[in-house]
Amino acid sequence: MCLAVLALNAHPRLPLLLVANRDEYHARPSLPAGPWPGHPDIVAGRDLSAGGTWLGIARGGRYALVTNYRDPRRLMPDAPSRGALVQDYLQGALGPEPYLRELAARQQRYNGFNLIVGDPQGAWYAGNRDPQGGPRRLADGVHGLSNHLLDTPWPKVRRTRQAVAALLREPHAPAVQALMEVFADRRGAPDGELPDTGVGLARERMLASPFIASPDYGTRCTTVVLAGPDGAISLYERQYDPQGAAVHEAGWRLRKGPAHRISATDGSVCLP
């Protein structure tokens with residue numbers, strides 16, 4: 001993932017709302033979100049290049065996502081896949097805090113990352129470039145994350161965070177399609193507001209919009225995760241081609257028994 005907004009107890013009908021864009025090279029092979037073979041209690045996409053996943057949910061209301069920390073000067077070519085951090089949490093039994101504390105002893109083996117893991121009891125954040133050190137529990141409210149530290153006010157983080165917060169102030173739970181449209185924003189930002197992450201001004205401009213469209217690299221999918229007060233957790237995904245056109249939509253819900261398909265195009269949140 002390269003852009004995410006996480007809302008915790010920010011709406012009376014939604015203990016959890018997560019909206020995220022995955023930005024990646026179009027040539028990198030992956031599978032769309034769905035139940036994993038051998039793990040029907042997990043719903044996530046799959047990275048077929050390095051393994052693991054960027055975002056997923058599991059029965060019991062567990063969820064996780066990872067973003068890269070953009071710093072090309074500190075890349076380790078032989079580092080393990082950051083996608084395994086999400087996979088290991090979803091497949092494991094540790095709660096969010098114990099999982100991140102166990103990870104802390106080995107997190108510097110990885111290239112820069114931000115990791116959010118959660119369950120119905122709360123969400124926790126850890127980043128191996130975070131100067132605060134150690135995992136921290138996230139407060140209720142609306143958080144934003146891109147390729148720097150949690151809540152770093154990059155223009156696209158501010159814009160999507162504010163837009164999601166506005167939708168959550170409405171009396172009715174926000175529609176899945178409305179949330180996806182927030183993350184379909186292709187507007188950039190003035191040069192004076194762009195970060196300097198070591199990739200050059202031209203690439204900073206390309207990466208500045210919430211939705212990125214370019215021939216070789218761009219937004220591959222938008223994902224919405226919702227947890228209702230009944231303990232069910234749902235994941236909706238819209239995939240895009242290299243031109244930025246939507247090519248596939250699907251939704252999955254986990255409560256009891258195997259994951260089952262739900263509509264991603266009915267324009268409403270699937271809550272009781």
# chains A, B, ... in the order shown; residues from 1 in each chain; ligands from 1
call {"tool": "select_by_dssp", "arguments": {"residues": "region 83-164 of chain A", "states": "helix (DSSP H, G or I)", "output": "JSON, numbers by chain"}}
result
{"A": [83, 84, 85, 86, 87, 88, 89, 90, 91, 96, 97, 98, 99, 100, 101, 102, 103, 104, 107, 108, 109, 155, 156, 157, 158, 159, 160, 161, 162, 163, 164]}
call {"tool": "write_last_selection", "arguments": {"atoms": "N, CA and C atoms", "output": "short mmCIF file (atom, residue, chain, number, x, y, z; two decimals), in the first residue's frame"}}
result
data_model
loop_
_atom_site.label_atom_id
_atom_site.label_comp_id
_atom_site.auth_asym_id
_atom_site.auth_seq_id
_atom_site.Cartn_x
_atom_site.Cartn_y
_atom_site.Cartn_z
N GLY A 83 5.96 -7.81 2.59
CA GLY A 83 4.63 -8.40 2.51
C GLY A 83 4.45 -9.56 3.46
N ALA A 84 5.55 -10.19 3.89
CA ALA A 84 5.45 -11.29 4.85
C ALA A 84 5.01 -10.80 6.22
N LEU A 85 5.21 -9.50 6.51
CA LEU A 85 4.81 -8.98 7.81
C LEU A 85 3.29 -9.01 7.97
N VAL A 86 2.57 -8.69 6.90
CA VAL A 86 1.12 -8.77 6.92
C VAL A 86 0.67 -10.22 6.96
N GLN A 87 1.26 -11.04 6.10
CA GLN A 87 0.89 -12.45 6.03
C GLN A 87 1.07 -13.14 7.38
N ASP A 88 2.21 -12.91 8.03
CA ASP A 88 2.50 -13.60 9.28
C ASP A 88 1.50 -13.22 10.37
N TYR A 89 1.10 -11.95 10.39
CA TYR A 89 0.11 -11.54 11.40
C TYR A 89 -1.24 -12.20 11.13
N LEU A 90 -1.68 -12.18 9.87
CA LEU A 90 -2.99 -12.73 9.55
C LEU A 90 -3.05 -14.23 9.79
N GLN A 91 -1.96 -14.92 9.56
CA GLN A 91 -1.94 -16.37 9.74
C GLN A 91 -1.67 -16.77 11.19
N PRO A 96 -2.29 -7.80 18.25
CA PRO A 96 -1.51 -6.74 17.61
C PRO A 96 -0.27 -6.31 18.38
N GLU A 97 -0.43 -6.01 19.67
CA GLU A 97 0.73 -5.54 20.44
C GLU A 97 1.80 -6.62 20.59
N PRO A 98 1.47 -7.86 21.01
CA PRO A 98 2.51 -8.88 21.10
C PRO A 98 3.20 -9.15 19.78
N TYR A 99 2.44 -9.11 18.68
CA TYR A 99 3.05 -9.36 17.37
C TYR A 99 4.10 -8.30 17.06
N LEU A 100 3.76 -7.03 17.27
CA LEU A 100 4.72 -5.96 16.95
C LEU A 100 5.90 -5.97 17.91
N ARG A 101 5.71 -6.35 19.14
CA ARG A 101 6.84 -6.40 20.07
C ARG A 101 7.78 -7.55 19.71
N GLU A 102 7.23 -8.64 19.25
CA GLU A 102 8.09 -9.74 18.77
C GLU A 102 8.85 -9.32 17.53
N LEU A 103 8.20 -8.56 16.65
CA LEU A 103 8.84 -8.11 15.41
C LEU A 103 9.96 -7.12 15.68
N ALA A 104 9.87 -6.35 16.76
CA ALA A 104 10.82 -5.26 17.02
C ALA A 104 12.27 -5.74 17.03
N GLN A 107 13.18 -6.09 13.15
CA GLN A 107 12.59 -5.22 12.13
C GLN A 107 13.63 -4.49 11.28
N GLN A 108 14.85 -4.34 11.76
CA GLN A 108 15.86 -3.65 10.96
C GLN A 108 16.43 -4.53 9.85
N ARG A 109 16.03 -5.77 9.80
CA ARG A 109 16.44 -6.62 8.67
C ARG A 109 15.69 -6.24 7.39
N PRO A 155 0.55 16.24 1.14
CA PRO A 155 -0.70 16.75 0.57
C PRO A 155 -1.76 15.68 0.34
N LYS A 156 -1.39 14.55 -0.24
CA LYS A 156 -2.41 13.54 -0.53
C LYS A 156 -2.92 12.87 0.74
N VAL A 157 -2.09 12.81 1.78
CA VAL A 157 -2.55 12.27 3.06
C VAL A 157 -3.55 13.22 3.69
N ARG A 158 -3.23 14.52 3.72
CA ARG A 158 -4.15 15.50 4.27
C ARG A 158 -5.49 15.48 3.54
N ARG A 159 -5.42 15.46 2.20
CA ARG A 159 -6.63 15.58 1.39
C ARG A 159 -7.57 14.39 1.60
N THR A 160 -7.03 13.19 1.54
CA THR A 160 -7.89 12.01 1.69
C THR A 160 -8.35 11.85 3.13
N ARG A 161 -7.51 12.18 4.07
CA ARG A 161 -7.90 12.09 5.49
C ARG A 161 -9.06 13.04 5.78
N GLN A 162 -8.97 14.26 5.28
CA GLN A 162 -10.04 15.23 5.49
C GLN A 162 -11.33 14.80 4.80
N ALA A 163 -11.21 14.24 3.59
CA ALA A 163 -12.40 13.82 2.85
C ALA A 163 -13.10 12.66 3.54
N VAL A 164 -12.33 11.68 4.01
CA VAL A 164 -12.94 10.55 4.73
C VAL A 164 -13.57 11.04 6.03
#
call {"tool": "residues_around", "arguments": {"residues": "region 236-250 of chain A", "least_positions_apart": "2", "cutoff": "8 Å", "atoms": "only C-alpha atoms", "output": "PDB file with N, CA, C and O atoms, in the first residue's frame"}}
result
ATOM      1  N   HIS A  26       3.236  -1.975 -12.772  1.00  0.00           N
ATOM      2  CA  HIS A  26       2.190  -2.763 -13.422  1.00  0.00           C
ATOM      3  C   HIS A  26       2.691  -4.147 -13.831  1.00  0.00           C
ATOM      4  O   HIS A  26       1.896  -5.088 -13.941  1.00  0.00           O
ATOM      5  N   PRO A  32      -5.809 -10.845  -7.240  1.00  0.00           N
ATOM      6  CA  PRO A  32      -6.776  -9.988  -6.541  1.00  0.00           C
ATOM      7  C   PRO A  32      -7.142 -10.568  -5.184  1.00  0.00           C
ATOM      8  O   PRO A  32      -6.880 -11.741  -4.885  1.00  0.00           O
ATOM      9  N   ALA A  33      -7.760  -9.752  -4.362  1.00  0.00           N
ATOM     10  CA  ALA A  33      -8.167 -10.192  -3.037  1.00  0.00           C
ATOM     11  C   ALA A  33      -9.172 -11.325  -3.130  1.00  0.00           C
ATOM     12  O   ALA A  33     -10.072 -11.321  -3.962  1.00  0.00           O
ATOM     13  N   VAL A 176     -19.511   2.594   0.084  1.00  0.00           N
ATOM     14  CA  VAL A 176     -18.229   2.081  -0.408  1.00  0.00           C
ATOM     15  C   VAL A 176     -17.786   2.839  -1.652  1.00  0.00           C
ATOM     16  O   VAL A 176     -16.613   3.218  -1.791  1.00  0.00           O
ATOM     17  N   ILE A 212      -2.491   7.369  -8.740  1.00  0.00           N
ATOM     18  CA  ILE A 212      -1.360   7.554  -9.647  1.00  0.00           C
ATOM     19  C   ILE A 212      -1.620   6.787 -10.931  1.00  0.00           C
ATOM     20  O   ILE A 212      -1.919   5.586 -10.903  1.00  0.00           O
ATOM     21  N   ALA A 213      -1.513   7.476 -12.051  1.00  0.00           N
ATOM     22  CA  ALA A 213      -1.675   6.835 -13.358  1.00  0.00           C
ATOM     23  C   ALA A 213      -0.462   7.154 -14.207  1.00  0.00           C
ATOM     24  O   ALA A 213      -0.196   8.316 -14.522  1.00  0.00           O
ATOM     25  N   SER A 214       0.316   6.132 -14.558  1.00  0.00           N
ATOM     26  CA  SER A 214       1.452   6.281 -15.458  1.00  0.00           C
ATOM     27  C   SER A 214       1.671   4.935 -16.137  1.00  0.00           C
ATOM     28  O   SER A 214       1.198   3.905 -15.639  1.00  0.00           O
ATOM     29  N   PRO A 215       2.366   4.903 -17.267  1.00  0.00           N
ATOM     30  CA  PRO A 215       2.467   3.655 -18.034  1.00  0.00           C
ATOM     31  C   PRO A 215       3.127   2.500 -17.292  1.00  0.00           C
ATOM     32  O   PRO A 215       2.741   1.342 -17.474  1.00  0.00           O
ATOM     33  N   ASP A 216       4.123   2.793 -16.440  1.00  0.00           N
ATOM     34  CA  ASP A 216       4.860   1.684 -15.816  1.00  0.00           C
ATOM     35  C   ASP A 216       4.546   1.483 -14.346  1.00  0.00           C
ATOM     36  O   ASP A 216       4.723   0.387 -13.808  1.00  0.00           O
ATOM     37  N   TYR A 217       4.057   2.529 -13.674  1.00  0.00           N
ATOM     38  CA  TYR A 217       3.839   2.466 -12.228  1.00  0.00           C
ATOM     39  C   TYR A 217       2.589   3.251 -11.888  1.00  0.00           C
ATOM     40  O   TYR A 217       2.367   4.343 -12.421  1.00  0.00           O
ATOM     41  N   GLY A 218       1.767   2.712 -11.010  1.00  0.00           N
ATOM     42  CA  GLY A 218       0.573   3.451 -10.653  1.00  0.00           C
ATOM     43  C   GLY A 218      -0.295   2.705  -9.662  1.00  0.00           C
ATOM     44  O   GLY A 218       0.099   1.671  -9.104  1.00  0.00           O
ATOM     45  N   THR A 219      -1.486   3.237  -9.444  1.00  0.00           N
ATOM     46  CA  THR A 219      -2.429   2.625  -8.516  1.00  0.00           C
ATOM     47  C   THR A 219      -3.007   1.360  -9.136  1.00  0.00           C
ATOM     48  O   THR A 219      -3.645   1.403 -10.186  1.00  0.00           O
ATOM     49  N   ARG A 220      -2.769   0.250  -8.483  1.00  0.00           N
ATOM     50  CA  ARG A 220      -3.230  -1.046  -8.983  1.00  0.00           C
ATOM     51  C   ARG A 220      -4.602  -1.418  -8.425  1.00  0.00           C
ATOM     52  O   ARG A 220      -5.363  -2.121  -9.077  1.00  0.00           O
ATOM     53  N   CYS A 221      -4.909  -0.982  -7.206  1.00  0.00           N
ATOM     54  CA  CYS A 221      -6.218  -1.285  -6.648  1.00  0.00           C
ATOM     55  C   CYS A 221      -6.534  -0.323  -5.509  1.00  0.00           C
ATOM     56  O   CYS A 221      -5.639   0.256  -4.897  1.00  0.00           O
ATOM     57  N   THR A 222      -7.837  -0.164  -5.263  1.00  0.00           N
ATOM     58  CA  THR A 222      -8.342   0.538  -4.089  1.00  0.00           C
ATOM     59  C   THR A 222      -9.090  -0.477  -3.241  1.00  0.00           C
ATOM     60  O   THR A 222      -9.878  -1.272  -3.763  1.00  0.00           O
ATOM     61  N   THR A 223      -8.850  -0.442  -1.935  1.00  0.00           N
ATOM     62  CA  THR A 223      -9.468  -1.401  -1.026  1.00  0.00           C
ATOM     63  C   THR A 223     -10.183  -0.660   0.094  1.00  0.00           C
ATOM     64  O   THR A 223      -9.661   0.327   0.626  1.00  0.00           O
ATOM     65  N   VAL A 224     -11.363  -1.135   0.432  1.00  0.00           N
ATOM     66  CA  VAL A 224     -12.124  -0.618   1.565  1.00  0.00           C
ATOM     67  C   VAL A 224     -12.375  -1.777   2.525  1.00  0.00           C
ATOM     68  O   VAL A 224     -12.874  -2.831   2.115  1.00  0.00           O
ATOM     69  N   VAL A 225     -12.005  -1.586   3.783  1.00  0.00           N
ATOM     70  CA  VAL A 225     -12.252  -2.582   4.830  1.00  0.00           C
ATOM     71  C   VAL A 225     -13.185  -1.955   5.856  1.00  0.00           C
ATOM     72  O   VAL A 225     -12.984  -0.821   6.290  1.00  0.00           O
ATOM     73  N   SER A 234     -15.484  -6.884   6.501  1.00  0.00           N
ATOM     74  CA  SER A 234     -15.676  -6.981   5.056  1.00  0.00           C
ATOM     75  C   SER A 234     -14.546  -6.280   4.334  1.00  0.00           C
ATOM     76  O   SER A 234     -13.974  -5.309   4.836  1.00  0.00           O
ATOM     77  N   TRP A 252     -15.805  -9.283  -0.119  1.00  0.00           N
ATOM     78  CA  TRP A 252     -15.807 -10.504   0.678  1.00  0.00           C
ATOM     79  C   TRP A 252     -16.148 -10.161   2.117  1.00  0.00           C
ATOM     80  O   TRP A 252     -15.754  -9.100   2.618  1.00  0.00           O
ATOM     81  N   ARG A 261     -18.885 -14.077  -0.873  1.00  0.00           N
ATOM     82  CA  ARG A 261     -18.890 -12.904  -1.736  1.00  0.00           C
ATOM     83  C   ARG A 261     -20.023 -11.969  -1.356  1.00  0.00           C
ATOM     84  O   ARG A 261     -21.123 -12.400  -1.000  1.00  0.00           O
ATOM     85  N   ILE A 262     -19.754 -10.678  -1.455  1.00  0.00           N
ATOM     86  CA  ILE A 262     -20.771  -9.657  -1.288  1.00  0.00           C
ATOM     87  C   ILE A 262     -20.596  -8.644  -2.401  1.00  0.00           C
ATOM     88  O   ILE A 262     -19.549  -8.593  -3.054  1.00  0.00           O
ATOM     89  N   SER A 263     -21.623  -7.834  -2.617  1.00  0.00           N
ATOM     90  CA  SER A 263     -21.584  -6.882  -3.717  1.00  0.00           C
ATOM     91  C   SER A 263     -20.656  -5.726  -3.408  1.00  0.00           C
ATOM     92  O   SER A 263     -20.684  -5.167  -2.313  1.00  0.00           O
ATOM     93  N   ALA A 264     -19.844  -5.371  -4.376  1.00  0.00           N
ATOM     94  CA  ALA A 264     -18.988  -4.186  -4.250  1.00  0.00           C
ATOM     95  C   ALA A 264     -19.536  -3.039  -5.070  1.00  0.00           C
ATOM     96  O   ALA A 264     -18.916  -1.988  -5.147  1.00  0.00           O
ATOM     97  N   THR A 265     -20.691  -3.221  -5.671  1.00  0.00           N
ATOM     98  CA  THR A 265     -21.203  -2.185  -6.594  1.00  0.00           C
ATOM     99  C   THR A 265     -22.605  -1.713  -6.232  1.00  0.00           C
ATOM    100  O   THR A 265     -23.191  -0.943  -6.969  1.00  0.00           O
TER     101      THR A 265
END
call {"tool": "residues_around", "arguments": {"residues": "Ile116 (chain A)", "least_positions_apart": "6", "cutoff": "10 Å", "atoms": "only C-alpha atoms", "output": "ChimeraX atom specification"}}
result
/A:6,55,63-67,85-86,96,100,123-127,135-138,145,150
call {"tool": "closest_residue", "arguments": {"among": "A:Met180, A:Ala202, A:Leu254, A:Ala259", "to": "Asp230 (chain A)", "atoms": "only C-alpha atoms"}}
result
A:Leu254
call {"tool": "residues_around", "arguments": {"residues": "Pro72 (chain A)", "least_positions_apart": "3", "cutoff": "10 Å", "atoms": "only C-alpha atoms", "output": "list in words"}}
result
Tyr69, Leu75, Met76, Asn111, Gly112, Thr197, Gly198 and Val199 of chain A
call {"tool": "closest_residue", "arguments": {"among": "A:Pro210, A:Ser81, A:Gly231, A:Leu17", "to": "Ala184 (chain A)", "atoms": "only C-alpha atoms"}}
result
A:Pro210
call {"tool": "atom_distance", "arguments": {"atom1": "CA of Ala139 (chain A)", "atom2": "CA of Gly34 (chain A)"}}
result
29.6 Å
call {"tool": "select_by_dssp", "arguments": {"residues": "region 29-199 of chain A", "states": "strand (DSSP E)", "output": "PyMOL selection string"}}
result
chain A and resi 30-36+39-47+55-58+62-68+113-119+122-127+136-137+141-145
call {"tool": "atom_distance", "arguments": {"atom1": "CA of Pro171 (chain A)", "atom2": "CA of Arg13 (chain A)"}}
result
9.4 Å
